$ cat entry21.tsv   # TSV, C-alpha atoms
chain	number	residue	atom	x	y	z
A	30	MET	CA	21.58	-8.55	32.13
A	31	THR	CA	20.86	-5.33	33.93
A	32	GLY	CA	19.16	-5.58	37.25
A	33	GLU	CA	17.70	-2.11	37.46
A	34	SER	CA	14.71	-2.06	39.75
A	35	CYS	CA	11.79	-0.10	38.44
A	36	PRO	CA	8.11	-0.66	39.20
A	37	PRO	CA	6.18	-1.35	36.00
A	38	ASP	CA	3.43	0.96	34.79
A	39	VAL	CA	1.69	-1.99	33.11
A	40	GLN	CA	1.97	-5.78	33.36
A	41	LYS	CA	1.07	-8.30	30.67
A	42	ASN	CA	1.00	-12.04	31.25
A	43	LEU	CA	1.89	-13.82	28.02
A	44	ILE	CA	2.22	-17.33	29.47
A	45	GLY	CA	1.02	-19.84	26.89
A	46	ILE	CA	1.34	-17.38	24.01
A	47	GLY	CA	3.83	-18.62	21.42
A	48	CYS	CA	6.02	-16.77	18.95
A	49	PRO	CA	5.47	-14.44	17.25
A	50	MET	CA	2.11	-13.47	18.77
A	51	ASN	CA	3.74	-12.81	22.15
A	52	MET	CA	5.75	-10.03	20.48
A	53	VAL	CA	2.62	-8.70	18.74
A	54	TYR	CA	0.83	-8.45	22.10
A	55	ALA	CA	3.93	-6.85	23.62
A	56	LYS	CA	3.93	-4.23	20.86
A	57	VAL	CA	0.24	-3.53	21.46
A	58	GLU	CA	0.97	-2.86	25.14
A	59	LEU	CA	4.03	-0.73	24.34
A	60	ALA	CA	2.01	1.30	21.85
A	61	LYS	CA	-0.30	2.35	24.69
A	62	LEU	CA	2.59	3.64	26.82
A	63	ARG	CA	4.43	6.94	26.72
A	64	GLU	CA	8.17	7.09	26.15
A	65	GLY	CA	9.99	6.18	29.36
A	66	GLN	CA	7.14	4.18	30.90
A	67	VAL	CA	7.84	0.59	31.91
A	68	LEU	CA	6.11	-2.62	30.85
A	69	GLU	CA	6.51	-5.95	32.60
A	70	LEU	CA	6.02	-9.04	30.47
A	71	ILE	CA	5.70	-12.55	31.86
A	72	LEU	CA	6.87	-15.04	29.24
A	73	ASP	CA	7.42	-18.78	28.92
A	74	ALA	CA	10.98	-20.08	29.07
A	75	GLY	CA	12.70	-21.07	25.84
A	76	ALA	CA	11.92	-19.46	22.49
A	77	PRO	CA	9.44	-16.88	23.86
A	78	VAL	CA	11.84	-15.23	26.30
A	79	ILE	CA	14.78	-15.53	23.88
A	80	ASN	CA	12.93	-14.08	20.88
A	81	VAL	CA	11.07	-11.30	22.68
A	82	SER	CA	14.23	-10.20	24.53
A	83	ARG	CA	16.05	-9.95	21.21
A	84	SER	CA	13.22	-8.10	19.45
A	85	ILE	CA	12.79	-5.50	22.18
A	86	GLY	CA	16.19	-3.97	21.46
A	87	ARG	CA	15.58	-3.92	17.72
A	88	GLU	CA	12.35	-2.03	18.35
A	89	GLY	CA	14.23	0.74	20.14
A	90	HIS	CA	13.16	-0.14	23.68
A	91	THR	CA	15.41	-0.94	26.65
A	92	LEU	CA	15.38	-4.22	28.52
A	93	LEU	CA	15.86	-3.12	32.14
A	94	LYS	CA	15.64	-6.44	33.92
A	95	LYS	CA	15.20	-10.09	33.06
A	96	ILE	CA	14.66	-12.61	35.85
A	97	GLN	CA	13.45	-16.21	35.99
A	98	LEU	CA	10.53	-16.76	38.34
A	99	GLN	CA	9.95	-19.73	40.64
A	100	ASP	CA	7.65	-21.44	38.16
A	101	LYS	CA	10.44	-21.22	35.50
A	102	SER	CA	8.66	-18.48	33.56
A	103	TRP	CA	10.46	-15.18	32.96
A	104	SER	CA	9.78	-11.57	33.88
A	105	LEU	CA	11.04	-8.85	31.54
A	106	LEU	CA	11.01	-5.20	32.52
A	107	ILE	CA	11.04	-3.00	29.40
A	108	ARG	CA	11.35	0.75	29.22
A	109	LYS	CA	9.59	2.16	26.20
A	110	GLY	CA	11.82	3.99	23.74
A	111	ARG	CA	10.81	6.38	20.97
B	19	MET	CA	-5.51	4.37	18.58
B	20	PHE	CA	-7.30	1.75	16.49
B	21	ASP	CA	-8.94	-0.87	18.68
B	22	PHE	CA	-7.85	-4.17	17.13
B	23	THR	CA	-9.73	-7.39	17.72
B	24	ASP	CA	-7.71	-10.48	18.55
B	25	GLU	CA	-8.52	-11.85	15.09
B	26	GLN	CA	-7.12	-8.68	13.51
B	27	LEU	CA	-3.95	-8.88	15.60
B	28	HIS	CA	-3.43	-12.38	14.23
B	29	ARG	CA	-4.36	-11.40	10.66
B	30	TYR	CA	-1.99	-8.44	10.60
B	31	SER	CA	0.68	-9.89	12.89
B	32	ARG	CA	3.36	-9.98	10.16
B	33	ASN	CA	2.77	-6.28	9.46
B	34	ILE	CA	2.73	-5.34	13.12
B	35	LEU	CA	6.00	-7.16	13.76
B	36	LEU	CA	7.72	-4.90	11.24
B	37	ARG	CA	9.33	-2.05	13.15
B	38	GLU	CA	8.53	0.35	10.28
B	39	ILE	CA	4.81	-0.46	10.56
B	40	GLY	CA	4.00	-1.67	14.07
B	41	VAL	CA	0.66	-1.14	15.78
B	42	GLU	CA	0.51	2.53	14.81
B	43	GLY	CA	1.22	1.85	11.13
B	44	GLN	CA	-1.36	-0.91	11.01
B	45	ALA	CA	-3.90	1.46	12.52
B	46	ARG	CA	-3.11	3.95	9.76
B	47	LEU	CA	-3.63	1.23	7.13
B	48	CYS	CA	-6.96	0.23	8.66
B	49	ASN	CA	-8.12	3.86	8.54
B	50	ALA	CA	-6.76	4.51	5.04
B	51	ARG	CA	-8.62	5.00	1.77
B	52	VAL	CA	-6.92	3.97	-1.48
B	53	LEU	CA	-8.34	4.27	-4.98
B	54	VAL	CA	-7.28	1.69	-7.57
B	55	VAL	CA	-7.97	2.89	-11.10
B	56	GLY	CA	-8.52	-0.17	-13.25
B	57	ALA	CA	-9.31	-3.71	-12.11
B	58	GLY	CA	-6.94	-5.21	-14.66
B	59	GLY	CA	-3.41	-6.56	-14.75
B	60	LEU	CA	-1.94	-3.89	-12.46
B	61	GLY	CA	-4.99	-3.10	-10.38
B	62	SER	CA	-5.70	-6.74	-9.53
B	63	PRO	CA	-2.52	-7.55	-7.61
B	64	ALA	CA	-2.45	-4.04	-6.18
B	65	ALA	CA	-5.97	-4.30	-4.78
B	66	ILE	CA	-5.40	-7.82	-3.46
B	67	TYR	CA	-2.25	-6.88	-1.53
B	68	LEU	CA	-3.80	-3.67	-0.23
B	69	ALA	CA	-6.78	-5.60	1.07
B	70	ALA	CA	-4.59	-8.34	2.50
B	71	ALA	CA	-2.56	-5.68	4.33
B	72	GLY	CA	-5.74	-4.35	5.91
B	73	VAL	CA	-6.33	-1.09	4.04
B	74	GLY	CA	-9.69	-0.01	5.39
B	75	THR	CA	-11.33	1.25	2.22
B	76	ILE	CA	-10.43	0.48	-1.38
B	77	GLY	CA	-12.22	2.14	-4.26
B	78	ILE	CA	-11.96	0.39	-7.62
B	79	VAL	CA	-12.86	2.21	-10.83
B	80	ASP	CA	-13.52	0.19	-13.96
B	81	HIS	CA	-16.32	0.21	-16.51
B	82	ASP	CA	-15.43	-3.09	-18.14
B	83	ARG	CA	-16.74	-6.62	-17.92
B	84	VAL	CA	-14.61	-9.72	-17.37
B	85	ASP	CA	-13.50	-11.41	-20.58
B	86	VAL	CA	-11.73	-14.75	-20.91
B	87	THR	CA	-8.65	-12.96	-22.31
B	88	ASN	CA	-8.31	-11.03	-19.02
B	89	LEU	CA	-7.79	-14.11	-16.87
B	90	GLN	CA	-4.13	-14.66	-17.83
B	91	ARG	CA	-3.17	-11.64	-15.66
B	92	GLN	CA	-6.20	-10.04	-13.98
B	93	ILE	CA	-6.15	-12.17	-10.86
B	94	LEU	CA	-9.10	-10.47	-9.18
B	95	HIS	CA	-11.33	-12.39	-11.57
B	96	ALA	CA	-12.03	-16.08	-12.17
B	97	THR	CA	-13.54	-18.12	-14.98
B	98	VAL	CA	-16.97	-18.03	-13.34
B	99	ASP	CA	-16.83	-14.21	-13.50
B	100	ILE	CA	-16.72	-14.01	-17.29
B	101	GLY	CA	-19.39	-11.51	-18.34
B	102	ARG	CA	-19.70	-9.89	-14.88
B	103	SER	CA	-18.73	-6.31	-14.26
B	104	LYS	CA	-15.12	-6.16	-13.10
B	105	VAL	CA	-15.90	-4.07	-10.04
B	106	ASP	CA	-18.50	-6.60	-8.86
B	107	SER	CA	-16.06	-9.43	-9.40
B	108	ALA	CA	-13.38	-7.45	-7.57
B	109	ALA	CA	-15.71	-6.75	-4.66
B	110	GLU	CA	-16.41	-10.46	-4.24
B	111	THR	CA	-12.73	-11.41	-4.37
B	112	ILE	CA	-11.69	-8.71	-1.93
B	113	GLY	CA	-14.60	-9.46	0.40
B	114	ALA	CA	-13.61	-13.12	0.53
B	115	LEU	CA	-9.98	-12.25	1.24
B	116	ASN	CA	-10.54	-9.67	3.96
B	117	PRO	CA	-13.97	-8.78	5.31
B	118	ASP	CA	-12.35	-5.85	7.19
B	119	THR	CA	-11.82	-4.02	3.91
B	120	ARG	CA	-14.69	-1.93	2.62
B	121	LEU	CA	-14.68	-2.06	-1.17
B	122	GLU	CA	-16.24	0.82	-3.07
B	123	PRO	CA	-17.04	-0.36	-6.60
B	124	ILE	CA	-17.14	2.50	-9.10
B	125	ASN	CA	-18.53	1.16	-12.36
B	126	MET	CA	-17.45	4.04	-14.55
B	127	THR	CA	-14.79	5.13	-17.00
B	128	LEU	CA	-12.63	7.76	-15.37
B	129	CYS	CA	-12.84	10.97	-17.40
B	130	ALA	CA	-12.36	14.71	-17.07
B	131	GLU	CA	-15.96	15.15	-15.98
B	132	ASN	CA	-15.83	12.77	-13.01
B	133	VAL	CA	-12.18	12.34	-12.06
B	134	LEU	CA	-11.86	15.10	-9.48
B	135	LYS	CA	-14.98	14.05	-7.61
B	136	ILE	CA	-13.95	10.39	-7.63
B	137	ILE	CA	-10.36	10.80	-6.47
B	138	SER	CA	-11.06	13.51	-3.91
B	139	ASP	CA	-12.20	10.98	-1.32
B	140	TYR	CA	-8.95	9.04	-1.24
B	141	ASP	CA	-5.56	9.28	0.49
B	142	PHE	CA	-3.60	7.61	-2.32
B	143	VAL	CA	-4.30	6.53	-5.90
B	144	VAL	CA	-2.89	3.50	-7.73
B	145	ASP	CA	-2.88	4.09	-11.47
B	146	GLY	CA	-3.58	0.69	-13.02
B	147	THR	CA	-4.85	2.06	-16.31
B	148	ASP	CA	-3.94	0.59	-19.67
B	149	ASN	CA	-3.76	3.63	-21.95
B	150	PHE	CA	-1.87	6.90	-22.17
B	151	SER	CA	-4.93	9.15	-22.09
B	152	ALA	CA	-6.00	7.71	-18.76
B	153	LYS	CA	-2.49	7.93	-17.32
B	154	PHE	CA	-2.27	11.64	-18.11
B	155	LEU	CA	-5.76	12.15	-16.73
B	156	VAL	CA	-4.84	10.44	-13.44
B	157	ASN	CA	-1.59	12.41	-13.23
B	158	ASP	CA	-3.20	15.77	-13.88
B	159	ALA	CA	-6.12	15.16	-11.52
B	160	CYS	CA	-3.89	13.92	-8.70
B	161	VAL	CA	-1.54	16.90	-9.08
B	162	ILE	CA	-4.46	19.34	-9.14
B	163	MET	CA	-6.03	17.71	-6.08
B	164	ASN	CA	-2.68	17.21	-4.33
B	165	ILE	CA	-3.23	13.46	-3.96
B	166	PRO	CA	-0.14	11.18	-4.02
B	167	PHE	CA	-0.24	8.35	-6.54
B	168	SER	CA	1.70	5.49	-8.03
B	169	HIS	CA	2.11	5.33	-11.79
B	170	GLY	CA	2.58	1.91	-13.35
B	171	GLY	CA	2.69	0.51	-16.85
B	172	VAL	CA	3.48	-2.81	-18.51
B	173	LEU	CA	3.99	-4.06	-22.05
B	174	GLY	CA	5.41	-7.35	-23.21
B	175	PHE	CA	8.09	-8.40	-20.74
B	176	THR	CA	8.73	-4.87	-19.49
B	177	GLY	CA	7.25	-2.50	-16.98
B	178	GLN	CA	7.80	0.81	-15.26
B	179	ALA	CA	6.67	2.55	-12.11
B	180	MET	CA	7.10	5.82	-10.28
B	181	THR	CA	5.51	7.49	-7.28
B	182	VAL	CA	4.37	11.09	-7.39
B	183	ILE	CA	3.94	13.34	-4.38
B	184	PRO	CA	2.36	16.43	-5.96
B	185	GLY	CA	4.24	19.64	-5.30
B	186	ARG	CA	7.27	17.76	-4.01
B	187	SER	CA	8.40	15.29	-6.68
B	188	ALA	CA	8.43	15.00	-10.45
B	189	CYS	CA	5.09	14.12	-12.00
B	190	TYR	CA	4.35	11.98	-15.05
B	191	ARG	CA	4.00	15.09	-17.19
B	192	CYS	CA	7.41	16.36	-16.06
B	193	ILE	CA	8.84	13.44	-18.07
B	194	PHE	CA	6.23	12.83	-20.77
B	195	ARG	CA	4.55	16.00	-21.96
B	196	GLN	CA	1.79	14.35	-23.94
B	197	PRO	CA	0.65	10.91	-25.10
B	198	PRO	CA	2.44	9.45	-28.12
B	199	PRO	CA	0.51	9.65	-31.38
B	200	THR	CA	-2.21	7.03	-31.70
B	201	GLY	CA	-0.68	3.82	-33.01
B	202	ALA	CA	2.93	4.85	-32.28
B	203	VAL	CA	3.16	2.55	-29.28
B	204	ALA	CA	1.70	-0.94	-29.32
B	205	THR	CA	-0.88	-1.82	-26.68
B	206	CYS	CA	-0.94	-4.98	-24.60
B	207	SER	CA	-3.75	-6.30	-26.79
B	208	GLU	CA	-1.51	-5.93	-29.83
B	209	ALA	CA	1.91	-6.80	-28.44
B	210	GLY	CA	0.95	-9.07	-25.57
B	211	VAL	CA	2.03	-8.90	-21.94
B	212	LEU	CA	3.28	-11.53	-19.54
B	213	GLY	CA	0.77	-11.76	-16.71
B	214	SER	CA	3.40	-12.21	-14.02
B	215	VAL	CA	5.13	-8.99	-15.14
B	216	ALA	CA	1.88	-7.10	-14.60
B	217	GLY	CA	1.73	-8.83	-11.23
B	218	MET	CA	5.20	-7.61	-10.30
B	219	LEU	CA	4.47	-4.01	-11.21
B	220	GLY	CA	1.05	-3.98	-9.55
B	221	THR	CA	2.58	-5.47	-6.42
B	222	LEU	CA	5.27	-2.80	-6.49
B	223	GLN	CA	2.57	-0.13	-6.70
B	224	ALA	CA	0.76	-1.64	-3.71
B	225	THR	CA	4.05	-1.59	-1.80
B	226	GLU	CA	4.47	2.11	-2.55
B	227	ALA	CA	0.93	2.79	-1.33
B	228	LEU	CA	1.57	0.86	1.89
B	229	LYS	CA	4.88	2.68	2.44
B	230	TYR	CA	3.25	6.06	1.88
B	231	LEU	CA	0.41	5.29	4.27
B	232	THR	CA	2.68	4.03	7.04
B	233	GLY	CA	5.61	6.37	6.45
B	234	ALA	CA	7.98	3.43	5.98
B	235	GLY	CA	11.17	3.82	3.98
B	236	GLN	CA	11.82	5.98	0.94
B	237	LEU	CA	9.27	6.29	-1.84
B	238	LEU	CA	9.97	5.79	-5.53
B	239	THR	CA	9.80	9.54	-6.07
B	240	ASP	CA	11.92	11.48	-8.56
B	241	THR	CA	12.79	8.10	-10.00
B	242	LEU	CA	11.45	6.01	-12.85
B	243	LEU	CA	11.91	2.31	-12.16
B	244	ARG	CA	12.13	0.27	-15.34
B	245	PHE	CA	11.95	-3.50	-15.32
B	246	ASP	CA	12.96	-5.93	-18.06
B	247	ALA	CA	11.85	-9.47	-17.26
B	248	LEU	CA	13.73	-11.08	-20.16
B	249	ALA	CA	17.05	-9.87	-18.77
B	250	MET	CA	15.62	-9.88	-15.21
B	251	ARG	CA	17.02	-6.42	-14.63
B	252	PHE	CA	15.74	-3.40	-12.74
B	253	ARG	CA	17.02	0.02	-13.74
B	254	THR	CA	16.32	3.35	-12.07
B	255	VAL	CA	16.29	6.62	-13.96
B	256	PRO	CA	16.69	9.73	-11.80
B	257	LEU	CA	14.10	12.43	-12.47
B	258	THR	CA	13.82	16.08	-11.58
B	259	ARG	CA	10.71	18.14	-11.18
B	260	GLN	CA	10.45	20.52	-14.14
B	261	ASP	CA	9.74	24.20	-13.56
B	262	ASP	CA	8.08	24.36	-16.98
B	263	CYS	CA	5.86	21.31	-16.40
B	264	PRO	CA	2.40	22.27	-17.68
B	265	VAL	CA	0.67	20.79	-14.65
B	266	CYS	CA	3.06	20.97	-11.66
B	267	GLY	CA	5.45	23.69	-12.87
B	268	LYS	CA	5.71	27.30	-11.76
B	269	LYS	CA	3.18	28.58	-14.27
B	270	PRO	CA	0.89	25.64	-14.99
B	271	SER	CA	-1.20	25.82	-18.15
B	272	ILE	CA	-3.25	22.78	-17.15
B	273	ASN	CA	-5.47	23.77	-14.28
B	274	GLU	CA	-8.24	21.30	-14.78
B	275	PRO	CA	-8.30	17.74	-16.12
B	276	PHE	CA	-9.14	17.10	-19.75
B	277	ASP	CA	-9.66	14.08	-21.99
B	278	TYR	CA	-7.53	13.43	-25.01
B	279	GLU	CA	-9.40	12.72	-28.21
B	280	GLY	CA	-10.85	9.24	-28.31
B	281	ALA	CA	-11.27	8.86	-24.55
B	282	ASP	CA	-14.83	8.08	-23.60
B	283	CYS	CA	-16.77	8.73	-20.45
B	284	ARG	CA	-19.52	6.34	-19.69
B	285	MET	CA	-21.15	4.36	-16.96
B	286	GLU	CA	-22.15	0.74	-17.30
B	287	GLU	CA	-25.82	0.10	-16.76

$ encode --input "entry21.tsv" --output "structure tokens"
Amino acid sequence: MTGESCPPDVQKNLIGIGCPMNMVYAKVELAKLREGQVLELILDAGAPVINVSRSIGREGHTLLKKIQLQDKSWSLLIRKGR
Amino acid sequence: MFDFTDEQLHRYSRNILLREIGVEGQARLCNARVLVVGAGGLGSPAAIYLAAAGVGTIGIVDHDRVDVTNLQRQILHATVDIGRSKVDSAAETIGALNPDTRLEPINMTLCAENVLKIISDYDFVVDGTDNFSAKFLVNDACVIMNIPFSHGGVLGFTGQAMTVIPGRSACYRCIFRQPPPTGAVATCSEAGVLGSVAGMLGTLQATEALKYLTGAGQLLTDTLLRFDALAMRFRTVPLTRQDDCPVCGKKPSINEPFDYEGADCRMEE
């Protein structure tokens, strides 16, 4: 996973939100951004972080950084594509 | 950008997850206006899927009342609706399915006198009519008004569909210049029709409307899709826009809609 450091323009905490609604909320946030802006998502471990990470690429965005936090949740930094 | 409620994000989540639709496409659907001509075998599934997908406004034109013989295929209506106007029955069904959708019931027969005014308010038209006169009327009016539409037809175990983008793709009259002589082609009331076949074609028409509104994929333009349920085969016939088409050609002779003999124009009281 890339470890590019880039301060997010927007953060969205999706802890407790299961699949696939976490991806729906992620898409709502991404839709508000301009191309090149960065969104940070906080996701539960397991299916949420696996599924959202996979979907981000298919949607044409770039996953810049993916790190596990102390409470076992995950932070994803996503740069909006076209 | 459309401001979705949390309930709407859940309701339309499976649309929004599609890359080709997404949040922006769903917003376009919620702001869209689609006219369904006919609340019958084609119009029923079309209207139901359009409403389920979140199309903001659906107009439904039909002058008829629900009859028990309709219920084998016209899934907007139920046994308790027998005798009611079809547009009222449709409004109740659509309202129960998706309260977000505004249904505009138009209790009229579409005819040359009213067609331009009725269709002018809509972004896309679904032709769910059951006779040749009405199909030519819808085609001519949509071409004249530059409104994209989906043609559909069913008979027996067969069906056909095509999408027309006026000025860009072949229209119905590019292929069929005029209706066949009265009695030359059996109607569904004479020859029968399998309800599920009407469902397939109406659903296909709804899909074309949703694709047009969201910009997803390639439309069924310059192509006639023919379906034979007995063989379970789809066949596509390539079409070309005709320069000598009387409505969309270079020198059109049809510049305003007209009714073929026998078509009536009335409003239910």

$ closest_residue --input "entry21.tsv" --among "A:Ile79, A:Gln40, A:Ala74, A:Ser84" --to "chain B" --atoms "all atoms listed in the file"
A:Ser84

$ residues_around --input "entry21.tsv" --residues "stretch 80-90 of chain B" --least-positions-apart "6" --cutoff "8 Å" --atoms "all atoms listed in the file" --output "ChimeraX atom specification"
/B:55-59,96-97,99-105,124-128,213,284-286

$ write_last_selection --input "entry21.tsv" --atoms "C-alpha atoms" --output "CSV table (one decimal), in the frame of the given file"
chain,number,residue,atom,x,y,z
B,55,VAL,CA,-8.0,2.9,-11.1
B,56,GLY,CA,-8.5,-0.2,-13.2
B,57,ALA,CA,-9.3,-3.7,-12.1
B,58,GLY,CA,-6.9,-5.2,-14.7
B,59,GLY,CA,-3.4,-6.6,-14.8
B,96,ALA,CA,-12.0,-16.1,-12.2
B,97,THR,CA,-13.5,-18.1,-15.0
B,99,ASP,CA,-16.8,-14.2,-13.5
B,100,ILE,CA,-16.7,-14.0,-17.3
B,101,GLY,CA,-19.4,-11.5,-18.3
B,102,ARG,CA,-19.7,-9.9,-14.9
B,103,SER,CA,-18.7,-6.3,-14.3
B,104,LYS,CA,-15.1,-6.2,-13.1
B,105,VAL,CA,-15.9,-4.1,-10.0
B,124,ILE,CA,-17.1,2.5,-9.1
B,125,ASN,CA,-18.5,1.2,-12.4
B,126,MET,CA,-17.4,4.0,-14.6
B,127,THR,CA,-14.8,5.1,-17.0
B,128,LEU,CA,-12.6,7.8,-15.4
B,213,GLY,CA,0.8,-11.8,-16.7
B,284,ARG,CA,-19.5,6.3,-19.7
B,285,MET,CA,-21.2,4.4,-17.0
B,286,GLU,CA,-22.2,0.7,-17.3

$ interface_residues --input "entry21.tsv" --of "chain A" --to "chain B" --cutoff "7 Å" --atoms "all atoms listed in the file" --output "VMD selection string"
chain A and resid 53 56 to 57 60 88

$ residues_around --input "entry21.tsv" --residues "stretch 43-54 of chain B" --least-positions-apart "5" --cutoff "9 Å" --atoms "all atoms listed in the file" --output "compact mmCIF listing (two decimals) with C-alpha atoms, in the frame of the given file"
# COMPACT_ATOMS: atom_id res chain seq x y z
CA MET B 19 -5.51 4.37 18.58
CA PHE B 20 -7.30 1.75 16.49
CA ASP B 21 -8.94 -0.87 18.68
CA PHE B 22 -7.85 -4.17 17.13
CA TYR B 30 -1.99 -8.44 10.60
CA ASN B 33 2.77 -6.28 9.46
CA ILE B 34 2.73 -5.34 13.12
CA GLU B 38 8.53 0.35 10.28
CA GLY B 61 -4.99 -3.10 -10.38
CA SER B 62 -5.70 -6.74 -9.53
CA ALA B 64 -2.45 -4.04 -6.18
CA ALA B 65 -5.97 -4.30 -4.78
CA LEU B 68 -3.80 -3.67 -0.23
CA ALA B 71 -2.56 -5.68 4.33
CA GLY B 72 -5.74 -4.35 5.91
CA VAL B 73 -6.33 -1.09 4.04
CA GLY B 74 -9.69 -0.01 5.39
CA THR B 75 -11.33 1.25 2.22
CA ILE B 76 -10.43 0.48 -1.38
CA GLY B 77 -12.22 2.14 -4.26
CA ILE B 78 -11.96 0.39 -7.62
CA VAL B 79 -12.86 2.21 -10.83
CA ASP B 118 -12.35 -5.85 7.19
CA THR B 119 -11.82 -4.02 3.91
CA GLU B 122 -16.24 0.82 -3.07
CA ILE B 136 -13.95 10.39 -7.63
CA ILE B 137 -10.36 10.80 -6.47
CA ASP B 139 -12.20 10.98 -1.32
CA TYR B 140 -8.95 9.04 -1.24
CA ASP B 141 -5.56 9.28 0.49
CA PHE B 142 -3.60 7.61 -2.32
CA VAL B 143 -4.30 6.53 -5.90
CA VAL B 144 -2.89 3.50 -7.73
CA ASP B 145 -2.88 4.09 -11.47
CA GLY B 146 -3.58 0.69 -13.02
CA ALA B 227 0.93 2.79 -1.33
CA LEU B 228 1.57 0.86 1.89
CA LEU B 231 0.41 5.29 4.27
CA THR B 232 2.68 4.03 7.04
CA GLY B 233 5.61 6.37 6.45
CA ALA B 234 7.98 3.43 5.98

$ residues_near_point --input "entry21.tsv" --point "(7.6, -3.6, 33.2)" --cutoff "8 Å" --atoms "only C-alpha atoms" --output "JSON, numbers by chain"
{"A": [35, 36, 37, 38, 39, 40, 67, 68, 69, 70, 105, 106, 107, 108]}

$ write_last_selection --input "entry21.tsv" --atoms "C-alpha atoms" --output "mmCIF file, keeping the file's coordinate frame"
data_model
loop_
_atom_site.group_PDB
_atom_site.id
_atom_site.type_symbol
_atom_site.label_atom_id
_atom_site.label_comp_id
_atom_site.auth_asym_id
_atom_site.auth_seq_id
_atom_site.Cartn_x
_atom_site.Cartn_y
_atom_site.Cartn_z
ATOM 1 C CA CYS A 35 11.790 -0.100 38.440
ATOM 2 C CA PRO A 36 8.110 -0.660 39.200
ATOM 3 C CA PRO A 37 6.180 -1.350 36.000
ATOM 4 C CA ASP A 38 3.430 0.960 34.790
ATOM 5 C CA VAL A 39 1.690 -1.990 33.110
ATOM 6 C CA GLN A 40 1.970 -5.780 33.360
ATOM 7 C CA VAL A 67 7.840 0.590 31.910
ATOM 8 C CA LEU A 68 6.110 -2.620 30.850
ATOM 9 C CA GLU A 69 6.510 -5.950 32.600
ATOM 10 C CA LEU A 70 6.020 -9.040 30.470
ATOM 11 C CA LEU A 105 11.040 -8.850 31.540
ATOM 12 C CA LEU A 106 11.010 -5.200 32.520
ATOM 13 C CA ILE A 107 11.040 -3.000 29.400
ATOM 14 C CA ARG A 108 11.350 0.750 29.220
#

$ closest_residue --input "entry21.tsv" --among "B:Ala152, B:Val172, B:Ala247, B:Ala114" --to "B:Ala130" --atoms "all atoms listed in the file"
B:Ala152

$ atom_distance --input "entry21.tsv" --atom1 "atom CA of B:Ser138" --atom2 "atom CA of B:Gly171"
22.9 Å

$ atom_distance --input "entry21.tsv" --atom1 "atom CA of B:Pro166" --atom2 "atom CA of B:Val265"
14.4 Å

$ residues_around --input "entry21.tsv" --residues "B:Cys189" --least-positions-apart "4" --cutoff "8 Å" --atoms "all atoms listed in the file" --output "PyMOL selection string"
chain B and resi 157+161+182-184+193+259+266

$ residues_around --input "entry21.tsv" --residues "B:Glu279" --least-positions-apart "3" --cutoff "12 Å" --atoms "all atoms listed in the file" --output "list in words"
Cys129, Ala130, Phe150, Ser151, Ala152, Pro197, Pro199, Thr200, Phe276, Asp282 and Cys283 of chain B

$ atom_distance --input "entry21.tsv" --atom1 "atom CA of B:Gln223" --atom2 "atom CA of B:His95"
19.2 Å

$ residues_around --input "entry21.tsv" --residues "B:Pro63" --least-positions-apart "2" --cutoff "8 Å" --atoms "only C-alpha atoms" --output "list of chain:residue names"
B:Gly59, B:Leu60, B:Gly61, B:Ala65, B:Ile66, B:Tyr67, B:Gln92, B:Ile93, B:Leu94, B:Gly217, B:Gly220, B:Thr221, B:Ala224

$ closest_residue --input "entry21.tsv" --among "A:Gly75, A:Thr91, A:Ile85, A:Gly110" --to "A:Ala55" --atoms "all atoms listed in the file"
A:Ile85

$ decode --input "entry21.tsv" --residues "stretch 91-108 of chain B" --atoms "C-alpha atoms" --output "compact mmCIF listing (two decimals), in the first residue's frame"
# COMPACT_ATOMS: atom_id res chain seq x y z
CA ARG B 91 -50.12 -8.64 -17.87
CA GLN B 92 -50.94 -5.11 -16.70
CA ILE B 93 -49.24 -5.34 -13.34
CA LEU B 94 -49.98 -1.77 -12.27
CA HIS B 95 -53.53 -2.92 -11.59
CA ALA B 96 -55.09 -5.42 -9.19
CA THR B 97 -58.41 -7.23 -8.96
CA VAL B 98 -59.82 -4.56 -6.64
CA ASP B 99 -59.14 -1.97 -9.38
CA ILE B 100 -61.53 -3.49 -11.92
CA GLY B 101 -63.71 -0.66 -13.20
CA ARG B 102 -61.38 2.13 -12.02
CA SER B 103 -59.61 4.41 -14.43
CA LYS B 104 -56.19 3.00 -15.24
CA VAL B 105 -54.37 6.22 -14.44
CA ASP B 106 -55.95 6.36 -10.96
CA SER B 107 -55.02 2.75 -10.35
CA ALA B 108 -51.50 3.45 -11.61
